[in-house]
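Colleague: What follows is work.pdb; its format and atoms are PDB, C-alpha atoms.
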```pdb
ATOM      1  CA  MET L   1      30.454 128.223 102.173
ATOM      2  CA  LEU L   2      28.904 125.530 100.021
ATOM      3  CA  PRO L   3      30.374 122.014 100.124
ATOM      4  CA  LEU L   4      31.384 122.085  96.453
ATOM      5  CA  SER L   5      32.979 125.513  96.903
ATOM      6  CA  LEU L   6      35.053 124.021  99.683
ATOM      7  CA  LEU L   7      36.088 121.263  97.315
ATOM      8  CA  ASN L   8      37.081 123.796  94.659
ATOM      9  CA  ALA L   9      39.093 125.675  97.242
ATOM     10  CA  ALA L  10      40.893 122.446  98.138
ATOM     11  CA  GLN L  11      42.769 122.284  94.830
ATOM     12  CA  ASN L  12      46.388 121.198  95.312
ATOM     13  CA  LYS L  13      45.640 120.135  98.881
ATOM     14  CA  PRO L  14      46.029 116.533 100.074
ATOM     15  CA  MET L  15      42.878 114.597 100.789
ATOM     16  CA  LEU L  16      41.433 111.172 101.370
ATOM     17  CA  VAL L  17      38.559 109.999  99.213
ATOM     18  CA  GLU L  18      36.507 106.980 100.198
ATOM     19  CA  LEU L  19      34.357 105.386  97.545
ATOM     20  CA  LYS L  20      31.030 103.670  98.111
ATOM     21  CA  ASN L  21      32.753 100.311  97.796
ATOM     22  CA  GLY L  22      35.144 101.172 100.631
ATOM     23  CA  GLU L  23      38.278 101.768  98.558
ATOM     24  CA  THR L  24      40.312 104.774  99.620
ATOM     25  CA  PHE L  25      42.396 107.163  97.538
ATOM     26  CA  ASN L  26      44.954 109.426  99.174
ATOM     27  CA  GLY L  27      46.248 112.167  96.919
ATOM     28  CA  HIS L  28      46.394 115.824  95.977
ATOM     29  CA  LEU L  29      43.352 117.313  94.311
ATOM     30  CA  VAL L  30      44.036 118.525  90.809
ATOM     31  CA  ASN L  31      40.576 119.521  89.729
ATOM     32  CA  CYS L  32      36.886 118.995  90.381
ATOM     33  CA  ASP L  33      33.537 119.846  88.851
ATOM     34  CA  ASN L  34      29.912 120.292  89.846
ATOM     35  CA  PHE L  35      29.262 116.563  89.681
ATOM     36  CA  MET L  36      32.005 116.038  92.266
ATOM     37  CA  ASN L  37      34.078 114.280  89.574
ATOM     38  CA  ILE L  38      37.693 114.753  90.652
ATOM     39  CA  THR L  39      41.211 114.208  89.439
ATOM     40  CA  LEU L  40      43.984 113.456  91.903
ATOM     41  CA  ARG L  41      47.752 113.211  91.532
ATOM     42  CA  GLU L  42      50.358 111.203  93.508
ATOM     43  CA  VAL L  43      47.654 108.813  94.614
ATOM     44  CA  TYR L  44      47.887 105.920  97.058
ATOM     45  CA  GLN L  45      44.964 103.588  96.478
ATOM     46  CA  THR L  46      43.876 101.027  99.082
ATOM     47  CA  ASN L  47      41.286  98.330  98.700
ATOM     48  CA  ALA L  48      38.291  98.064 101.036
ATOM     49  CA  GLU L  49      39.910  95.439 103.283
ATOM     50  CA  GLY L  50      42.999  97.616 103.665
ATOM     51  CA  ASP L  51      45.448  94.911 102.607
ATOM     52  CA  ARG L  52      46.282  95.866  99.016
ATOM     53  CA  PHE L  53      47.939  99.060  97.838
ATOM     54  CA  TRP L  54      48.612 100.778  94.528
ATOM     55  CA  LYS L  55      50.497 103.918  93.661
ATOM     56  CA  LEU L  56      49.040 105.959  90.825
ATOM     57  CA  LYS L  57      50.527 109.080  89.312
ATOM     58  CA  GLU L  58      47.106 110.418  88.443
ATOM     59  CA  CYS L  59      43.563 109.226  88.663
ATOM     60  CA  TYR L  60      40.052 110.310  87.802
ATOM     61  CA  ILE L  61      37.188 109.508  90.146
ATOM     62  CA  ARG L  62      33.592 109.816  89.046
ATOM     63  CA  GLY L  63      31.615 111.843  91.569
ATOM     64  CA  SER L  64      28.747 109.368  91.789
ATOM     65  CA  THR L  65      31.092 106.730  93.246
ATOM     66  CA  ILE L  66      32.257 108.875  96.144
ATOM     67  CA  LYS L  67      31.089 108.240  99.684
ATOM     68  CA  TYR L  68      33.007 111.089 101.308
ATOM     69  CA  LEU L  69      36.171 113.165 101.225
ATOM     70  CA  ARG L  70      38.382 113.972 104.190
ATOM     71  CA  VAL L  71      40.314 117.199 103.860
ATOM     72  CA  PRO L  72      42.931 118.924 106.054
ATOM     73  CA  ASP L  73      41.386 120.504 109.152
ATOM     74  CA  THR L  74      43.046 123.816 108.359
ATOM     75  CA  LEU L  75      41.306 124.068 104.985
ATOM     76  CA  LEU L  76      38.150 125.720 106.274
ATOM     77  CA  ASP L  77      40.148 128.459 107.988
ATOM     78  CA  ALA L  78      42.428 128.936 104.997
ATOM     79  CA  VAL L  79      39.458 129.367 102.669
ATOM     80  CA  LYS L  80      37.649 131.779 104.978
ATOM     81  CA  ASP L  81      40.840 133.886 105.200
ATOM     82  CA  GLU L  82      41.245 133.876 101.430
ATOM     83  CA  GLN L  83      37.634 134.878 100.957
ATOM     84  CA  SER L  84      37.840 137.804 103.401
ATOM     85  CA  ARG L  85      41.149 138.900 101.840
ATOM     86  CA  ALA L  86      39.576 138.799  98.363
ATOM     87  CA  ARG L  87      36.630 140.779  99.659
ATOM     88  CA  GLU L  88      38.893 143.403 101.241
ATOM     89  CA  ALA L  89      40.911 143.675  98.041
ATOM     90  CA  GLY L  90      37.744 144.071  95.956
ATOM     91  CA  ARG L  91      36.345 146.618  98.346
ATOM     92  CA  SER L  92      39.445 148.776  98.497
ATOM     93  CA  ALA L  93      39.774 148.658  94.718
ATOM     94  CA  ARG L  94      36.227 149.963  94.372
ATOM     95  CA  GLY L  95      36.447 152.244  97.414
ATOM     96  CA  ALA L  96      37.381 155.320  95.390
ATOM     97  CA  HIS L  97      34.123 155.186  93.427
ATOM     98  CA  VAL L  98      31.582 153.891  95.960
ATOM     99  CA  SER L  99      30.356 155.877  98.942
ATOM    100  CA  GLY L 100      31.038 154.638 102.462
ATOM    101  CA  ALA L 101      27.438 153.577 103.185
ATOM    102  CA  GLY L 102      27.273 151.449 100.080
ATOM    103  CA  ALA L 103      30.429 149.486 100.850
ATOM    104  CA  ARG L 104      29.309 148.627 104.338
ATOM    105  CA  GLY L 105      25.894 147.483 103.174
ATOM    106  CA  ARG L 106      27.365 144.773 101.030
ATOM    107  CA  GLY L 107      29.313 143.103 103.778
ATOM    108  CA  ALA L 108      28.380 139.487 104.320
ATOM    109  CA  PRO L 109      26.832 138.808 107.710
ATOM    110  CA  THR L 110      28.889 136.595 109.989
ATOM    111  CA  ARG L 111      27.195 133.547 111.379
ATOM    112  CA  GLY L 112      28.736 133.590 114.797
ATOM    113  CA  GLY L 113      32.302 133.179 113.546
ATOM    114  CA  ARG L 114      34.470 130.158 112.975
ATOM    115  CA  GLY L 115      34.555 127.824 115.890
ATOM    116  CA  ALA L 116      31.274 128.922 117.332
ATOM    117  CA  VAL L 117      28.836 126.150 118.045
ATOM    118  CA  ARG L 118      25.298 127.196 118.618
ATOM    119  CA  GLY L 119      23.897 125.444 121.643
ATOM    120  CA  GLY L 120      20.529 126.384 123.009
ATOM    121  CA  PRO L 121      17.686 126.701 120.561
ATOM    122  CA  VAL L 122      16.439 130.095 119.551
ATOM    123  CA  ARG L 123      13.039 128.563 118.980
ATOM    124  CA  GLY L 124      12.284 127.848 122.624
ATOM    125  CA  GLY L 125      11.708 124.182 121.856
ATOM    126  CA  ARG L 126      12.969 123.000 125.205
ATOM    127  CA  GLY L 127      11.719 125.863 127.291
ATOM    128  CA  ARG L 128      15.156 126.686 128.670
ATOM    129  CA  GLY L 129      15.059 130.172 130.145
ATOM    130  CA  ARG L 130      11.624 130.701 128.697
ATOM    131  CA  GLY L 131       9.464 128.836 131.197
ATOM    132  CA  ALA L 132       6.784 126.334 130.244
TER
ATOM    133  CA  MET R   1       3.824 122.603 126.859
ATOM    134  CA  ASP R   2       5.875 123.616 123.811
ATOM    135  CA  SER R   3       5.741 121.142 120.988
ATOM    136  CA  LEU R   4       8.667 120.678 118.671
ATOM    137  CA  ILE R   5       8.555 123.567 116.250
ATOM    138  CA  PRO R   6       9.263 122.308 112.725
ATOM    139  CA  PHE R   7      11.727 123.967 110.366
ATOM    140  CA  THR R   8      10.227 127.108 108.989
ATOM    141  CA  THR R   9      11.362 126.244 105.494
ATOM    142  CA  SER R  10      10.447 122.666 104.642
ATOM    143  CA  GLY R  11      13.415 120.349 104.108
ATOM    144  CA  SER R  12      15.929 123.020 105.063
ATOM    145  CA  LEU R  13      19.038 122.319 107.046
ATOM    146  CA  VAL R  14      19.689 125.952 107.855
ATOM    147  CA  ASP R  15      18.716 125.457 111.493
ATOM    148  CA  CYS R  16      21.311 122.731 111.815
ATOM    149  CA  VAL R  17      24.268 124.820 110.669
ATOM    150  CA  ASP R  18      26.937 125.506 113.289
ATOM    151  CA  ARG R  19      25.392 122.877 115.521
ATOM    152  CA  LYS R  20      26.900 119.631 116.659
ATOM    153  CA  MET R  21      25.198 116.884 114.688
ATOM    154  CA  LEU R  22      25.147 113.121 114.530
ATOM    155  CA  VAL R  23      25.405 111.799 110.967
ATOM    156  CA  VAL R  24      24.697 108.158 110.184
ATOM    157  CA  LEU R  25      25.982 106.954 106.821
ATOM    158  CA  ARG R  26      24.618 104.142 104.686
ATOM    159  CA  ASP R  27      27.634 102.006 105.518
ATOM    160  CA  GLY R  28      26.635 102.226 109.181
ATOM    161  CA  ARG R  29      29.262 104.719 110.289
ATOM    162  CA  LYS R  30      28.254 107.130 113.037
ATOM    163  CA  LEU R  31      29.963 110.497 112.848
ATOM    164  CA  GLN R  32      29.605 113.450 115.182
ATOM    165  CA  GLY R  33      30.699 116.908 114.159
ATOM    166  CA  VAL R  34      29.733 120.516 113.676
ATOM    167  CA  LEU R  35      27.706 121.019 110.516
ATOM    168  CA  ARG R  36      29.244 123.953 108.693
ATOM    169  CA  SER R  37      27.389 123.891 105.388
ATOM    170  CA  TYR R  38      25.135 121.964 103.041
ATOM    171  CA  ASP R  39      23.656 122.233  99.558
ATOM    172  CA  GLN R  40      20.597 121.114  97.569
ATOM    173  CA  PHE R  41      21.811 117.488  97.538
ATOM    174  CA  ALA R  42      22.355 117.580 101.291
ATOM    175  CA  ASN R  43      26.101 117.211 100.720
ATOM    176  CA  LEU R  44      27.494 118.146 104.125
ATOM    177  CA  VAL R  45      30.586 119.817 105.490
ATOM    178  CA  LEU R  46      31.246 118.457 108.957
ATOM    179  CA  GLU R  47      34.011 119.966 111.074
ATOM    180  CA  ASP R  48      35.903 118.475 114.030
ATOM    181  CA  THR R  49      34.356 115.118 113.283
ATOM    182  CA  VAL R  50      34.653 112.149 115.574
ATOM    183  CA  GLU R  51      33.723 108.596 114.583
ATOM    184  CA  ARG R  52      32.267 106.366 117.256
ATOM    185  CA  ILE R  53      31.880 102.602 117.352
ATOM    186  CA  TYR R  54      29.830 100.562 119.796
ATOM    187  CA  HIS R  55      29.902  97.023 121.071
ATOM    188  CA  GLN R  56      27.640  95.762 123.871
ATOM    189  CA  ASP R  57      28.102  98.219 126.765
ATOM    190  CA  VAL R  58      31.341  99.708 125.493
ATOM    191  CA  PHE R  59      32.217 102.412 122.972
ATOM    192  CA  ALA R  60      35.295 103.948 121.379
ATOM    193  CA  GLU R  61      36.005 107.162 119.503
ATOM    194  CA  THR R  62      38.520 108.379 116.991
ATOM    195  CA  TRP R  63      39.219 111.829 115.587
ATOM    196  CA  ARG R  64      38.503 112.249 111.882
ATOM    197  CA  GLY R  65      38.695 115.989 111.211
ATOM    198  CA  LEU R  66      37.032 117.844 108.333
ATOM    199  CA  PHE R  67      34.598 115.889 106.163
ATOM    200  CA  LEU R  68      32.836 116.595 102.921
ATOM    201  CA  ILE R  69      30.094 113.973 102.793
ATOM    202  CA  ARG R  70      28.215 113.232  99.590
ATOM    203  CA  GLY R  71      24.532 113.630 100.406
ATOM    204  CA  GLU R  72      23.233 110.353  98.977
ATOM    205  CA  ASN R  73      25.287 108.401 101.536
ATOM    206  CA  VAL R  74      23.582 109.973 104.528
ATOM    207  CA  VAL R  75      20.832 108.068 106.314
ATOM    208  CA  LEU R  76      20.062 110.590 108.979
ATOM    209  CA  LEU R  77      21.145 113.769 110.658
ATOM    210  CA  GLY R  78      20.372 114.400 114.318
ATOM    211  CA  GLU R  79      21.085 117.334 116.576
ATOM    212  CA  ILE R  80      23.202 116.513 119.596
ATOM    213  CA  ASP R  81      21.989 117.889 122.910
ATOM    214  CA  LEU R  82      25.082 119.532 124.355
ATOM    215  CA  ASP R  83      23.657 119.264 127.873
ATOM    216  CA  GLN R  84      23.215 115.529 127.711
ATOM    217  CA  GLU R  85      25.996 114.471 125.380
ATOM    218  CA  ASP R  86      28.434 113.661 128.178
ATOM    219  CA  GLU R  87      26.018 111.426 130.062
ATOM    220  CA  ILE R  88      26.923 108.231 128.271
ATOM    221  CA  PRO R  89      25.744 105.014 129.959
ATOM    222  CA  LEU R  90      28.584 103.117 128.296
ATOM    223  CA  ARG R  91      32.219 102.572 129.159
ATOM    224  CA  GLN R  92      34.827 104.146 126.893
ATOM    225  CA  VAL R  93      37.850 102.179 125.665
ATOM    226  CA  ASP R  94      40.578 102.638 123.064
ATOM    227  CA  TRP R  95      39.665 102.488 119.404
ATOM    228  CA  SER R  96      42.310  99.847 118.696
ATOM    229  CA  VAL R  97      40.826  97.597 121.378
ATOM    230  CA  LEU R  98      37.243  97.758 120.173
ATOM    231  CA  GLU R  99      37.775  97.874 116.436
ATOM    232  CA  PRO R 100      38.139  94.104 115.827
ATOM    233  CA  TYR R 101      34.912  93.395 117.748
ATOM    234  CA  HIS R 102      33.129  96.086 115.834
ATOM    235  CA  LYS R 103      34.379  94.741 112.498
ATOM    236  CA  GLN R 104      33.111  91.278 113.452
ATOM    237  CA  GLU R 105      29.690  92.681 114.268
ATOM    238  CA  VAL R 106      29.570  94.561 111.007
ATOM    239  CA  ALA R 107      30.484  91.465 109.007
ATOM    240  CA  ALA R 108      27.914  89.334 110.846
ATOM    241  CA  LYS R 109      25.212  91.939 110.300
ATOM    242  CA  LYS R 110      26.086  92.154 106.616
ATOM    243  CA  GLN R 111      25.682  88.405 106.282
ATOM    244  CA  ARG R 112      22.332  88.382 108.084
ATOM    245  CA  ASP R 113      21.040  91.275 105.993
ATOM    246  CA  GLU R 114      22.129  89.628 102.758
ATOM    247  CA  LEU R 115      20.382  86.424 103.756
ATOM    248  CA  LYS R 116      17.230  88.296 104.693
ATOM    249  CA  ALA R 117      17.255  90.254 101.443
ATOM    250  CA  GLN R 118      17.711  87.075  99.440
ATOM    251  CA  VAL R 119      14.797  85.316 101.149
ATOM    252  CA  LEU R 120      12.534  88.329 100.738
ATOM    253  CA  TYR R 121      13.527  88.542  97.084
ATOM    254  CA  ASP R 122      13.069  84.864  96.314
ATOM    255  CA  ARG R 123       9.887  84.210  98.267
ATOM    256  CA  HIS R 124       8.075  87.521  98.327
ATOM    257  CA  GLY R 125       9.346  89.497  95.371
ATOM    258  CA  PHE R 126      10.932  92.324  97.373
ATOM    259  CA  CYS R 127      13.636  94.169  95.472
ATOM    260  CA  LYS R 128      17.200  94.156  96.713
ATOM    261  CA  GLU R 129      18.249  97.566  97.931
ATOM    262  CA  GLY R 130      21.513  99.125  99.013
ATOM    263  CA  GLY R 131      23.535  97.653  96.197
ATOM    264  CA  GLU R 132      26.202  99.378  94.158
ATOM    265  CA  GLY R 133      23.856 100.862  91.589
ATOM    266  CA  ASP R 134      21.417 102.175  94.134
ATOM    267  CA  GLY R 135      22.518 105.796  94.328
ATOM    268  CA  TYR R 136      21.964 108.548  91.793
TER
END
```
Kindly transcribe the structure held in the file into structure tokens.

Modeller:
Amino acid sequence: MLPLSLLNAAQNKPMLVELKNGETFNGHLVNCDNFMNITLREVYQTNAEGDRFWKLKECYIRGSTIKYLRVPDTLLDAVKDEQSRAREAGRSARGAHVSGAGARGRGAPTRGGRGAVRGGPVRGGRGRGRGA
Amino acid sequence: MDSLIPFTTSGSLVDCVDRKMLVVLRDGRKLQGVLRSYDQFANLVLEDTVERIYHQDVFAETWRGLFLIRGENVVLLGEIDLDQEDEIPLRQVDWSVLEPYHKQEVAAKKQRDELKAQVLYDRHGFCKEGGEGDGY
């Protein structure tokens, strides 16, 4: 799923945001938009050196100032589960009207599943198993 | 001999998805993780990420987890060869041990780069890059 979709799915989850200037914001995501502008609540702000701290009830961070966001490791799984559950629900709701072949055809192809890491190249770039 | 076959779609990261990648950020951080997705800005989702720091012939790692990296902060993306990734000619130590040395190096480099940029700007009219307003 797209990076910004992942961010949207992370609403109400805790995360760490690091800005370009090195400041970090730890808080729960309230909302976000396509510019990556975000609002957080219950925020702990730290300066770049890591020696000053602030507690903010809410804050707004402009997307263009963000370096990266760190989210809970379980988020990717949680979102994938939600997506497949939503798909199942949609499919079963429409199942009475659509024929069996049609429903199957619309299934999204899996990319090797969660946790799979593709190793050897499919392109034969390194000649492994293909011979020079 | 096979030459490196370029991406079939120019500028596409699709061949990098679900592969272990090295990401270098503009602040000098080196992250390794599995690229799960990207978009038109090259924002990246990196899973099971590990940050590595180096100093002389020693390195250290720390677990960072799931990252959403804003594309403009990425310098480069490189595919990690899973066959060779464990052959590291460096000694591994604890993160807490190496971190102060690494921080020193980073600070020293920052000073040198600032000095260089200033000289180039003053004497040769080069523009100063990498500042706060540099991104889009």

Colleague: Name all residues at most 6 Å from Arg70 (chain L) (count only C-alpha atoms; drop same-chain ones fewer than 2 positions away) and give them as a ChimeraX atom specification.

Modeller: /L:15-16 /R:66-67

Colleague: Please write the residues picked by the PyMOL selection byres ((chain L and resi 41) around 10) on this file as number ranges by chain.

Modeller: L: 12, 14, 26-31, 39-40, 42-44, 55-60

Colleague: Taking only C-alpha atoms into account, which of R:Glu61, R:Asp15, R:Glu129, R:Asp113 comes nearest chain L?

Modeller: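 Of R:Glu61, R:Asp15, R:Glu129, R:Asp113, the one nearest chain L is R:Asp15, counting only C-alpha atoms.
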
Colleague: If you measure from CA of Gln83 (chain L) to CA of Leu7 (chain L), what distance in Å do you get, rounded to one decimal?

Modeller: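 Pair CA of Gln83 (chain L) / CA of Leu7 (chain L) returns 14.2 Å.
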
Colleague: Translate the PyMOL selection byres ((chain R and resi 48) around 7) into a concrete residue list for this structure, as a list in words.

Modeller: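 Here the PyMOL selection byres ((chain R and resi 48) around 7) matches Gly33, Val34, Leu46, Glu47, Thr49, Val50, Gly65 and Leu66 of chain R.
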
Colleague: Could you check how far CA of Asp51 (chain L) sits from CA of Asn43 (chain R), in Å to one decimal?

Modeller: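 Distance reported for this atom pair: 29.6 Å.
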
Colleague: Could you tell me how far CA of Arg87 (chain L) sits from CA of Val45 (chain R), in Å to one decimal place?

Modeller: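 CA of Arg87 (chain L) lies 22.6 Å from CA of Val45 (chain R).
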